[in-house]
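Just start18.txt here, compact mmCIF, C-alpha atoms:
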# COMPACT_ATOMS: atom_id res chain seq x y z
CA MET A 134 -3.69 -1.36 20.51
CA ILE A 135 -4.58 0.83 17.52
CA GLU A 136 -1.58 1.68 15.37
CA GLN A 137 -0.86 5.38 15.02
CA ARG A 138 1.59 7.57 13.18
CA HIS A 139 4.74 8.35 15.17
CA VAL A 140 4.62 12.05 16.03
CA VAL A 141 7.94 13.86 15.56
CA THR A 142 6.60 17.41 16.09
CA ALA A 143 3.07 18.23 17.20
CA GLU A 144 2.62 21.78 15.89
CA PRO A 145 2.81 21.85 12.98
CA GLU A 146 2.26 18.11 12.72
CA ASN A 147 5.13 16.09 11.37
CA SER A 148 4.54 12.38 11.89
CA GLU A 149 5.90 9.12 10.51
CA THR A 150 4.40 6.01 8.99
CA PRO A 151 4.94 3.16 11.51
CA LEU A 152 6.99 1.01 9.14
CA GLU A 153 7.34 -1.75 11.71
CA SER A 154 3.57 -2.29 11.49
CA LEU A 155 3.16 -2.36 7.72
CA ARG A 156 1.58 -5.45 6.24
CA SER A 157 0.49 -4.12 2.88
CA TRP A 158 1.74 -2.74 -0.40
CA VAL A 159 -0.47 0.32 0.10
CA THR A 160 -0.20 2.48 3.22
CA SER A 161 -3.57 3.28 4.80
CA ASN A 162 -4.46 6.97 4.95
CA ARG A 163 -4.46 7.17 8.74
CA LEU A 164 -0.92 5.76 8.93
CA PHE A 165 0.55 7.66 5.98
CA PHE A 166 3.22 10.13 7.11
CA VAL A 167 2.44 13.85 7.43
CA ARG A 168 4.87 16.66 6.61
CA ASN A 169 3.72 20.22 7.35
CA HIS A 170 5.81 23.37 7.32
CA PHE A 171 2.99 25.56 8.60
CA GLY A 172 -0.39 24.96 10.23
CA VAL A 173 -3.19 23.21 8.35
CA PRO A 174 -5.33 25.91 6.69
CA ALA A 175 -9.11 25.88 7.15
CA ILE A 176 -10.62 25.47 3.68
CA ASP A 177 -14.30 25.25 2.75
CA ARG A 178 -14.57 22.93 -0.24
CA ASP A 179 -17.71 24.72 -1.46
CA THR A 180 -15.96 28.08 -1.72
CA TRP A 181 -12.46 26.83 -2.63
CA ARG A 182 -11.04 27.99 -5.93
CA LEU A 183 -7.98 27.06 -7.96
CA SER A 184 -6.65 29.84 -10.18
CA ILE A 185 -4.48 29.10 -13.21
CA GLY A 186 -2.74 32.11 -14.71
CA GLY A 187 0.61 33.57 -15.69
CA LEU A 188 1.77 32.79 -19.20
CA VAL A 189 -1.48 31.29 -20.43
CA GLY A 190 -3.94 32.43 -23.08
CA ARG A 191 -7.11 31.69 -21.08
CA PRO A 192 -6.76 32.12 -17.29
CA LEU A 193 -8.98 29.77 -15.32
CA ASP A 194 -10.75 29.97 -11.96
CA ILE A 195 -11.87 26.44 -11.11
CA SER A 196 -14.36 25.42 -8.43
CA TRP A 197 -14.47 22.06 -6.67
CA GLU A 198 -17.52 21.03 -8.70
CA GLN A 199 -15.74 21.85 -11.96
CA LEU A 200 -12.59 19.99 -10.93
CA ALA A 201 -14.57 16.95 -9.80
CA ALA A 202 -16.30 16.75 -13.18
CA MET A 203 -13.05 16.60 -15.18
CA PRO A 204 -11.39 13.41 -16.49
CA GLU A 205 -9.34 11.68 -13.79
CA ARG A 206 -6.27 9.50 -13.72
CA THR A 207 -5.03 7.14 -10.99
CA VAL A 208 -1.37 6.58 -10.14
CA PHE A 209 0.24 4.34 -7.52
CA ALA A 210 3.26 6.15 -6.10
CA THR A 211 5.62 6.12 -3.14
CA MET A 212 6.09 9.50 -1.49
CA GLU A 213 9.07 10.31 0.73
CA CYS A 214 10.13 13.45 2.58
CA ALA A 215 13.50 14.70 1.34
CA GLY A 216 14.76 14.76 4.94
CA ASN A 217 13.68 11.22 5.81
CA GLY A 218 16.37 9.58 7.95
CA ARG A 219 17.90 12.88 9.11
CA SER A 220 18.11 11.75 12.73
CA PHE A 221 20.61 9.06 11.71
CA LEU A 222 23.18 11.56 10.41
CA THR A 223 26.34 12.29 12.36
CA PRO A 224 27.13 14.90 13.42
CA HIS A 225 23.64 16.06 14.38
CA ALA A 226 21.87 17.76 11.45
CA HIS A 227 19.49 20.69 11.81
CA GLY A 228 15.85 20.20 10.86
CA VAL A 229 12.95 17.88 11.68
CA GLN A 230 14.49 14.77 13.24
CA TRP A 231 12.91 12.14 11.03
CA GLY A 232 13.58 8.48 11.66
CA ALA A 233 12.93 6.11 8.75
CA GLY A 234 9.16 6.55 8.48
CA ALA A 235 8.66 9.76 6.46
CA VAL A 236 7.59 7.59 3.53
CA GLY A 237 4.45 5.82 2.34
CA HIS A 238 2.85 4.29 -0.72
CA ALA A 239 -0.67 5.09 -1.91
CA GLU A 240 -3.10 5.18 -4.79
CA TRP A 241 -3.58 8.80 -5.91
CA THR A 242 -6.49 9.96 -8.07
CA GLY A 243 -6.97 13.35 -9.66
CA VAL A 244 -6.99 15.48 -12.77
CA PRO A 245 -3.73 15.60 -14.76
CA LEU A 246 -2.14 19.02 -14.31
CA GLY A 247 -1.25 19.03 -18.00
CA LEU A 248 -4.94 18.81 -18.93
CA LEU A 249 -5.67 22.05 -17.09
CA LEU A 250 -2.59 23.76 -18.48
CA GLU A 251 -3.65 22.82 -21.99
CA GLU A 252 -7.17 24.11 -21.37
CA ALA A 253 -5.69 27.36 -20.10
CA GLY A 254 -3.59 27.69 -23.27
CA LEU A 255 -0.08 27.29 -21.84
CA SER A 256 2.33 29.63 -23.62
CA ALA A 257 5.34 28.28 -25.49
CA ASP A 258 7.42 30.78 -23.46
CA ALA A 259 6.58 29.09 -20.15
CA SER A 260 9.54 27.12 -18.80
CA GLU A 261 8.25 26.42 -15.28
CA VAL A 262 4.91 26.05 -13.53
CA LEU A 263 4.61 27.62 -10.08
CA CYS A 264 2.29 25.89 -7.57
CA GLU A 265 1.19 27.61 -4.37
CA GLY A 266 -0.70 26.27 -1.36
CA ALA A 267 -3.08 27.96 1.06
CA ASP A 268 -0.77 27.36 4.04
CA ARG A 269 1.25 30.36 5.17
CA GLY A 270 3.81 31.04 7.86
CA ARG A 271 7.29 32.18 8.84
CA GLU A 272 10.68 30.54 9.22
CA ALA A 273 13.43 31.56 11.62
CA ASP A 274 15.48 32.99 8.76
CA HIS A 275 12.44 34.38 6.94
CA PRO A 276 10.44 36.53 9.39
CA ASP A 277 7.96 37.75 6.77
CA GLU A 278 4.88 35.59 6.26
CA MET A 279 4.98 33.57 3.06
CA PRO A 280 2.94 30.86 1.35
CA PHE A 281 4.35 27.42 0.69
CA ALA A 282 5.24 27.38 -3.01
CA ARG A 283 7.32 25.29 -5.40
CA SER A 284 7.76 25.15 -9.16
CA LEU A 285 8.06 22.30 -11.65
CA PRO A 286 9.91 22.21 -14.96
CA ARG A 287 7.52 22.43 -17.89
CA ALA A 288 8.04 18.80 -18.94
CA LYS A 289 7.28 17.43 -15.46
CA ALA A 290 4.21 19.64 -15.12
CA LEU A 291 2.87 18.30 -18.42
CA ASP A 292 3.64 14.66 -17.62
CA ARG A 293 0.36 12.75 -17.62
CA ASP A 294 1.12 11.27 -14.19
CA THR A 295 1.50 14.68 -12.49
CA LEU A 296 -1.90 15.17 -10.90
CA ILE A 297 -4.04 17.63 -9.04
CA ALA A 298 -5.01 14.89 -6.62
CA THR A 299 -8.34 14.87 -4.79
CA ARG A 300 -8.40 11.25 -3.57
CA MET A 301 -5.97 9.03 -1.71
CA ASN A 302 -6.63 5.29 -1.64
CA GLY A 303 -10.11 5.97 -3.01
CA GLU A 304 -11.07 8.44 -0.27
CA LEU A 305 -11.30 12.21 -0.48
CA LEU A 306 -8.14 13.80 0.87
CA GLU A 307 -8.09 14.57 4.58
CA PRO A 308 -7.06 18.06 5.78
CA ASN A 309 -3.58 16.99 6.92
CA HIS A 310 -2.96 15.35 3.52
CA GLY A 311 -3.86 18.49 1.57
CA ALA A 312 -7.65 18.61 1.14
CA PRO A 313 -9.41 19.55 -0.97
CA ALA A 314 -6.70 19.24 -3.66
CA ARG A 315 -2.96 18.83 -3.71
CA LEU A 316 -0.29 18.37 -6.31
CA LEU A 317 1.00 14.83 -6.80
CA VAL A 318 4.41 14.62 -8.49
CA PRO A 319 5.23 10.89 -8.63
CA GLY A 320 8.91 9.99 -8.51
CA TRP A 321 9.83 13.29 -6.82
CA TYR A 322 10.33 14.00 -3.14
CA GLY A 323 7.19 15.03 -1.28
CA VAL A 324 8.18 18.69 -1.07
CA ALA A 325 7.20 19.01 -4.75
CA SER A 326 3.65 17.78 -4.10
CA VAL A 327 2.25 21.07 -2.82
CA LYS A 328 -0.73 20.62 -0.48
CA TRP A 329 -3.89 22.76 -0.19
CA LEU A 330 -3.35 23.94 -3.76
CA THR A 331 -4.90 27.33 -4.59
CA ARG A 332 -2.79 28.95 -7.32
CA ILE A 333 -0.90 27.80 -10.41
CA ALA A 334 1.09 30.21 -12.56
CA ALA A 335 3.13 29.56 -15.70
CA ILE A 336 6.41 31.49 -15.61
CA ASP A 337 9.35 32.01 -17.97
CA ARG A 338 12.25 31.97 -15.48
CA PRO A 339 13.50 29.80 -12.60
CA PHE A 340 11.43 30.30 -9.47
CA ALA A 341 13.58 31.44 -6.56
CA GLY A 342 11.15 30.85 -3.70
CA TYR A 343 12.32 30.06 -0.18
CA PHE A 344 11.54 26.34 -0.40
CA GLN A 345 13.73 25.80 -3.42
CA SER A 346 16.47 28.34 -2.89
CA THR A 347 17.13 28.74 0.84
CA LYS A 348 15.77 25.28 1.71
CA TYR A 349 15.53 22.02 -0.24
CA THR A 350 18.71 22.36 -2.25
CA VAL A 351 21.83 20.21 -2.49
CA GLN A 352 25.30 20.77 -3.90
CA ARG A 353 26.73 19.18 -7.04
CA GLU A 354 30.23 19.27 -8.50
CA THR A 355 30.44 20.77 -12.00
CA GLY A 356 33.26 21.84 -14.28
CA ALA A 357 32.86 25.35 -12.90
CA GLY A 358 32.85 24.25 -9.26
CA ARG A 359 30.01 23.46 -6.90
CA GLU A 360 26.51 24.30 -8.02
CA ARG A 361 23.32 24.45 -5.98
CA VAL A 362 20.64 22.09 -7.31
CA ILE A 363 16.97 21.97 -6.34
CA VAL A 364 15.78 18.81 -4.59
CA GLY A 365 13.54 17.01 -7.07
CA PRO A 366 13.65 13.34 -8.16
CA MET A 367 13.79 10.72 -5.42
CA SER A 368 16.90 8.61 -4.88
CA ILE A 369 17.03 4.84 -4.76
CA LYS A 370 16.66 3.46 -1.26
CA SER A 371 15.89 0.36 0.80
CA GLU A 372 14.84 -0.06 4.42
CA ILE A 373 15.19 -3.12 6.62
CA ILE A 374 11.95 -3.41 8.57
CA ARG A 375 12.80 -6.51 10.57
CA PRO A 376 14.98 -7.34 12.34
CA ARG A 377 15.66 -4.01 13.98
CA THR A 378 18.95 -2.76 15.36
CA GLY A 379 19.57 -4.35 18.75
CA ASP A 380 17.42 -7.43 18.14
CA VAL A 381 18.63 -10.83 19.32
CA LEU A 382 18.30 -13.54 16.67
CA GLY A 383 18.82 -17.28 16.82
CA LEU A 384 20.89 -19.92 15.11
CA GLY A 385 19.21 -21.34 12.02
CA THR A 386 17.02 -19.52 9.51
CA ASN A 387 16.18 -15.88 10.24
CA ARG A 388 13.79 -13.90 8.03
CA VAL A 389 14.98 -10.46 6.98
CA PHE A 390 12.49 -8.26 5.15
CA GLY A 391 11.79 -4.70 4.16
CA VAL A 392 10.86 -2.27 1.38
CA ALA A 393 12.77 -0.52 -1.39
CA TRP A 394 11.94 2.24 -3.85
CA ALA A 395 13.62 4.02 -6.76
CA GLY A 396 11.75 7.24 -7.57
CA ASP A 397 10.68 7.31 -11.22
CA ASP A 398 11.93 3.77 -11.74
CA ALA A 399 10.93 0.34 -10.55
CA VAL A 400 13.16 -1.64 -8.18
CA ALA A 401 14.94 -4.37 -10.14
CA ARG A 402 16.83 -6.04 -7.30
CA VAL A 403 17.59 -5.87 -3.57
CA GLU A 404 20.81 -7.33 -2.20
CA ILE A 405 21.56 -8.27 1.39
CA SER A 406 24.88 -8.43 3.23
CA THR A 407 25.15 -10.13 6.61
CA ASP A 408 28.87 -9.49 7.01
CA GLY A 409 28.96 -5.70 7.03
CA GLY A 410 29.17 -5.27 3.25
CA ASN A 411 31.93 -7.74 2.36
CA SER A 412 29.59 -9.96 0.34
CA TRP A 413 26.09 -9.62 -1.10
CA THR A 414 23.24 -12.01 -1.92
CA SER A 415 19.99 -11.25 -3.75
CA ALA A 416 16.79 -11.04 -1.74
CA GLU A 417 13.43 -12.08 -3.16
CA LEU A 418 11.12 -9.32 -4.37
CA ILE A 419 7.49 -9.88 -3.37
CA GLY A 420 4.56 -8.46 -5.27
CA PRO A 421 4.34 -5.82 -8.01
CA SER A 422 7.40 -4.17 -9.49
CA ALA A 423 6.15 -0.86 -10.84
CA ARG A 424 7.34 2.58 -11.74
CA TYR A 425 7.05 5.07 -8.84
CA SER A 426 6.20 2.27 -6.40
CA TRP A 427 8.07 0.61 -3.60
CA SER A 428 8.70 -3.13 -3.61
CA LEU A 429 8.49 -5.52 -0.69
CA TRP A 430 11.37 -7.98 -0.27
CA GLU A 431 12.50 -10.81 1.98
CA TYR A 432 15.67 -12.80 2.60
CA LEU A 433 16.05 -16.07 4.51
CA TRP A 434 19.38 -15.88 6.33
CA GLU A 435 21.01 -19.14 7.37
CA THR A 436 23.45 -18.64 10.22
CA GLY A 437 25.27 -21.15 12.38
CA GLU A 438 27.65 -18.75 14.11
CA PRO A 439 26.66 -16.85 17.28
CA GLY A 440 27.86 -13.33 17.95
CA PRO A 441 27.35 -9.76 16.71
CA ARG A 442 26.47 -9.30 13.03
CA THR A 443 25.78 -6.31 10.79
CA ILE A 444 23.06 -6.55 8.15
CA LEU A 445 22.88 -4.19 5.18
CA ALA A 446 20.40 -3.90 2.31
CA ARG A 447 20.97 -2.12 -0.98
CA ALA A 448 18.55 -1.62 -3.87
CA ILE A 449 19.25 -1.52 -7.60
CA SER A 450 16.83 0.27 -9.94
CA SER A 451 15.54 -0.84 -13.33
CA ARG A 452 18.00 1.62 -14.88
CA GLY A 453 20.96 0.29 -12.90
CA ALA A 454 21.24 2.92 -10.16
CA VAL A 455 22.76 1.38 -7.01
CA GLN A 456 22.05 2.54 -3.48
CA PRO A 457 25.27 3.92 -1.92
CA LEU A 458 26.83 2.68 1.30
CA GLU A 459 27.56 6.16 2.68
CA HIS A 460 25.75 9.48 2.84
CA ASP A 461 27.00 12.00 0.29
CA PRO A 462 28.04 15.14 2.22
CA LEU A 463 27.04 17.25 -0.80
CA ASN A 464 23.45 16.28 -0.04
CA GLY A 465 23.61 18.01 3.33
CA VAL A 466 20.44 17.31 5.34
CA TYR A 467 18.53 15.88 2.36
CA LEU A 468 18.58 12.77 0.13
CA ILE A 469 19.60 10.50 3.01
CA HIS A 470 19.46 7.22 1.11
CA HIS A 471 22.60 5.29 1.99
CA SER A 472 22.42 1.72 3.32
CA ARG A 473 22.05 2.01 7.07
CA PRO A 474 23.64 -0.82 9.12
CA CYS A 475 21.36 -3.00 11.21
CA ALA A 476 23.41 -4.35 14.12
CA VAL A 477 22.03 -7.54 15.68
CA ARG A 478 23.29 -10.37 17.87
CA VAL A 479 22.91 -14.07 17.13
CA ALA A 480 22.44 -15.99 20.38
CA ALA A 481 23.77 -19.52 20.73
CA THR A 482 20.94 -20.35 23.13
CA GLN A 483 18.21 -19.74 20.55
CA ARG A 484 17.28 -21.75 17.49
CA VAL A 485 14.93 -20.52 14.76
CA GLN A 486 13.52 -21.91 11.54
CA ALA A 487 11.75 -19.08 9.76
CA GLY A 488 9.96 -19.90 6.55
CA SER A 489 9.44 -17.88 3.41
CA ALA A 490 6.22 -15.99 3.04
CA ASP A 491 3.80 -17.52 0.56
CA ALA A 492 5.14 -15.42 -2.30
CA GLN A 493 2.58 -16.65 -4.83
CA THR A 494 -0.28 -15.70 -2.55
CA LEU A 495 1.27 -12.33 -1.75
CA MET A 496 1.79 -11.53 -5.42
CA TYR A 497 -1.74 -12.63 -6.30
CA ASP A 498 -3.35 -10.59 -3.52
CA MET A 499 -1.37 -7.43 -4.31
CA ALA A 500 -1.97 -7.74 -8.06
CA TRP A 501 -5.67 -8.23 -7.38
CA PHE A 502 -5.70 -5.19 -5.13
CA ALA A 503 -4.02 -3.01 -7.75
CA GLU A 504 -6.41 -4.18 -10.47
CA GLU A 505 -9.52 -3.64 -8.36
CA ASN A 506 -8.32 -0.23 -7.22
CA SER A 507 -7.83 0.88 -10.81
CA ARG A 508 -11.52 0.16 -11.47
CA ARG A 509 -13.27 1.65 -8.44
CA PRO A 510 -12.53 3.72 -5.32
CA LEU A 511 -11.38 1.48 -2.52
CA ASP A 512 -9.58 2.15 0.75
CA VAL A 513 -8.33 -1.10 2.20
CA GLU A 514 -5.38 -2.17 4.28
CA LEU A 515 -4.50 -5.56 2.85
CA GLU A 516 -3.21 -8.14 5.30
CA PHE A 517 -0.50 -10.22 3.67
CA SER A 518 0.97 -12.60 6.15
CA ALA A 519 -1.14 -12.84 9.30
CA GLY A 520 1.11 -10.48 11.22
CA ALA A 521 4.37 -12.14 10.28
CA GLY A 522 4.95 -10.14 7.14
CA ILE A 523 5.86 -6.60 6.38
Can you give me the file's structure in the form of structure tokens?
Amino acid sequence: MIEQRHVVTAEPENSETPLESLRSWVTSNRLFFVRNHFGVPAIDRDTWRLSIGGLVGRPLDISWEQLAAMPERTVFATMECAGNGRSFLTPHAHGVQWGAGAVGHAEWTGVPLGLLLEEAGLSADASEVLCEGADRGREADHPDEMPFARSLPRAKALDRDTLIATRMNGELLEPNHGAPARLLVPGWYGVASVKWLTRIAAIDRPFAGYFQSTKYTVQRETGAGRERVIVGPMSIKSEIIRPRTGDVLGLGTNRVFGVAWAGDDAVARVEISTDGGNSWTSAELIGPSARYSWSLWEYLWETGEPGPRTILARAISSRGAVQPLEHDPLNGVYLIHHSRPCAVRVAATQRVQAGSADAQTLMYDMAWFAEENSRRPLDVELEFSAGAGI
């Protein structure tokens, strides 16, 4: 059976990465999640143009050929939808009912946005950079047609890792991933990485567009009360891939494994609790630990007691941020990154003796893959553990 994305809504397409099937550090293009607010626009690469204007000294109108001839940069980055995990909230939360799979990790290649802004002569007065896609549509509370648009703070727009991406895992972008060019804002939620990019404008005031004023905002407590904050940097998070809630395990050694990510930071540690959060033990990280990128992890759980058990995983970032145990109500329907309980049952009639993955081999293979990918375009789904791994 060929693995497919899990479709959440068909039109527009919103579909999840099948996390239960992942066996690689990099998510293949065909399995990488898709988040669309409107329909996929029909764009002819030969006639496509990217305009750069606003507060710049030399407005640009760039063709595909011109963009393809510019210096490129490659970044490995995990991308996650800000509403990932919404279906797990109680009470029921409005919006696309994502499970855990609105996340993926890929190699992104493109021209640094800052390079184009410098060529255009970005004004010192510009505080934000507005990015607009070719997709257009309406929302229930916004009956007038509008484009999908978001802005970035000046510093993030000029960061060398913020790209106008044209390739994903070495292949030209596909239409549902934003072809011919999309923004790639590593470390930020996917909403910032505008797809089907057609217009960039430097502005001198906060952008108040629908997708960062009406939608994609959270609340924060300040000295003056609650303040609305735009959804931007990703939060630290871990996911247990196996076992899954409802699984029946055996007495002996059970293998628990999953992924964790920390936005701009690397994952420093993942801890596992098998008693509902009363005590924690470190899991083993497998493979690269890199900024923007998720980390694979595993934990060998020795259990001699049958009965129901609750497993939790929490990640700690390289800067010391710790994944919370509960969802922050100020985050509303976004930033759903708390440790989600995995309820299993240990059966007295079963005995298991799971072994650790060959960590040295896994680390070698993934390091080799990253090194080779940095040298030449390559789209490969790397098998790590003959079906037994993540």
Please report as a tab-separated table every residue of range 297-411 of chain A lying within 12 Å of range 228-237 of chain A, along with the nearest atom pair and their distance in Å (one decimal), using only C-alpha atoms.
residue	atom	partner	partner_atom	distance
A:Met301	CA	A:Gly237	CA	11.6
A:Asn302	CA	A:Gly237	CA	11.8
A:Tyr322	CA	A:Val236	CA	9.6
A:Gly323	CA	A:Val236	CA	8.9
A:Val324	CA	A:Ala235	CA	11.7
A:Lys348	CA	A:Gly228	CA	10.5
A:Tyr349	CA	A:Gly228	CA	11.3
A:Met367	CA	A:Val236	CA	11.3
A:Lys370	CA	A:Ala233	CA	11.0
A:Ser371	CA	A:Ala233	CA	10.2
A:Glu372	CA	A:Ala233	CA	7.8
A:Ile373	CA	A:Ala233	CA	9.7
A:Ile374	CA	A:Ala233	CA	9.6
A:Arg377	CA	A:Ala233	CA	11.7
A:Gly391	CA	A:Ala233	CA	11.8
A:Val392	CA	A:Gly237	CA	10.4
A:Ala393	CA	A:Val236	CA	10.8
A:Trp394	CA	A:Val236	CA	10.1
A:Gly396	CA	A:Val236	CA	11.9
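Point (12.2, -9.1, 13.6) has the following residues at most 12 Å away: Glu153, Ser154, Ile373, Ile374, Arg375, Pro376, Arg377, Thr378, Gly379, Asp380, Val381, Leu382, Gly383, Asn387, Arg388, Val389, Phe390, Gly391, Glu431, Cys475, Val477, Arg478, Val485, Ala487, Gly520, Ala521, Gly522 and Ile523 of chain A (atoms considered: all atoms listed in the file).
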Those residues with C-alpha atoms, as a PDB file, keeping the file's coordinate frame please?
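In the end it all went to again-v1.pdb:
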ATOM      1  CA  GLU A 153       7.340  -1.750  11.710  1.00  0.00           C
ATOM      2  CA  SER A 154       3.570  -2.290  11.490  1.00  0.00           C
ATOM      3  CA  ILE A 373      15.190  -3.120   6.620  1.00  0.00           C
ATOM      4  CA  ILE A 374      11.950  -3.410   8.570  1.00  0.00           C
ATOM      5  CA  ARG A 375      12.800  -6.510  10.570  1.00  0.00           C
ATOM      6  CA  PRO A 376      14.980  -7.340  12.340  1.00  0.00           C
ATOM      7  CA  ARG A 377      15.660  -4.010  13.980  1.00  0.00           C
ATOM      8  CA  THR A 378      18.950  -2.760  15.360  1.00  0.00           C
ATOM      9  CA  GLY A 379      19.570  -4.350  18.750  1.00  0.00           C
ATOM     10  CA  ASP A 380      17.420  -7.430  18.140  1.00  0.00           C
ATOM     11  CA  VAL A 381      18.630 -10.830  19.320  1.00  0.00           C
ATOM     12  CA  LEU A 382      18.300 -13.540  16.670  1.00  0.00           C
ATOM     13  CA  GLY A 383      18.820 -17.280  16.820  1.00  0.00           C
ATOM     14  CA  ASN A 387      16.180 -15.880  10.240  1.00  0.00           C
ATOM     15  CA  ARG A 388      13.790 -13.900   8.030  1.00  0.00           C
ATOM     16  CA  VAL A 389      14.980 -10.460   6.980  1.00  0.00           C
ATOM     17  CA  PHE A 390      12.490  -8.260   5.150  1.00  0.00           C
ATOM     18  CA  GLY A 391      11.790  -4.700   4.160  1.00  0.00           C
ATOM     19  CA  GLU A 431      12.500 -10.810   1.980  1.00  0.00           C
ATOM     20  CA  CYS A 475      21.360  -3.000  11.210  1.00  0.00           C
ATOM     21  CA  VAL A 477      22.030  -7.540  15.680  1.00  0.00           C
ATOM     22  CA  ARG A 478      23.290 -10.370  17.870  1.00  0.00           C
ATOM     23  CA  VAL A 485      14.930 -20.520  14.760  1.00  0.00           C
ATOM     24  CA  ALA A 487      11.750 -19.080   9.760  1.00  0.00           C
ATOM     25  CA  GLY A 520       1.110 -10.480  11.220  1.00  0.00           C
ATOM     26  CA  ALA A 521       4.370 -12.140  10.280  1.00  0.00           C
ATOM     27  CA  GLY A 522       4.950 -10.140   7.140  1.00  0.00           C
ATOM     28  CA  ILE A 523       5.860  -6.600   6.380  1.00  0.00           C
TER      29      ILE A 523
END
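Rounded to one decimal, CA of Thr180 in chain A and CA of Pro313 in chain A lie 10.8 Å from each other.
CA of Val318 in chain A sits 20.3 Å away from CA of Arg338 in chain A.
Here CA of Ala341 in chain A is placed at a distance of 15.5 Å from CA of Ala259 in chain A.
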Close residues, range 254-258 of chain A itself excluded, 6 Å, only C-alpha atoms, min 6 positions apart in chain, as JSON, numbers by chain: {"A": [188, 189, 190, 191, 337]}
Ala446 in chain A: which residues within 7 Å, counting only C-alpha atoms, same-chain residues fewer than 5 positions away excluded, as a list in words? Ser371, Ile373, Val403, Glu404, Ile405, Ser406 and Ser472 of chain A
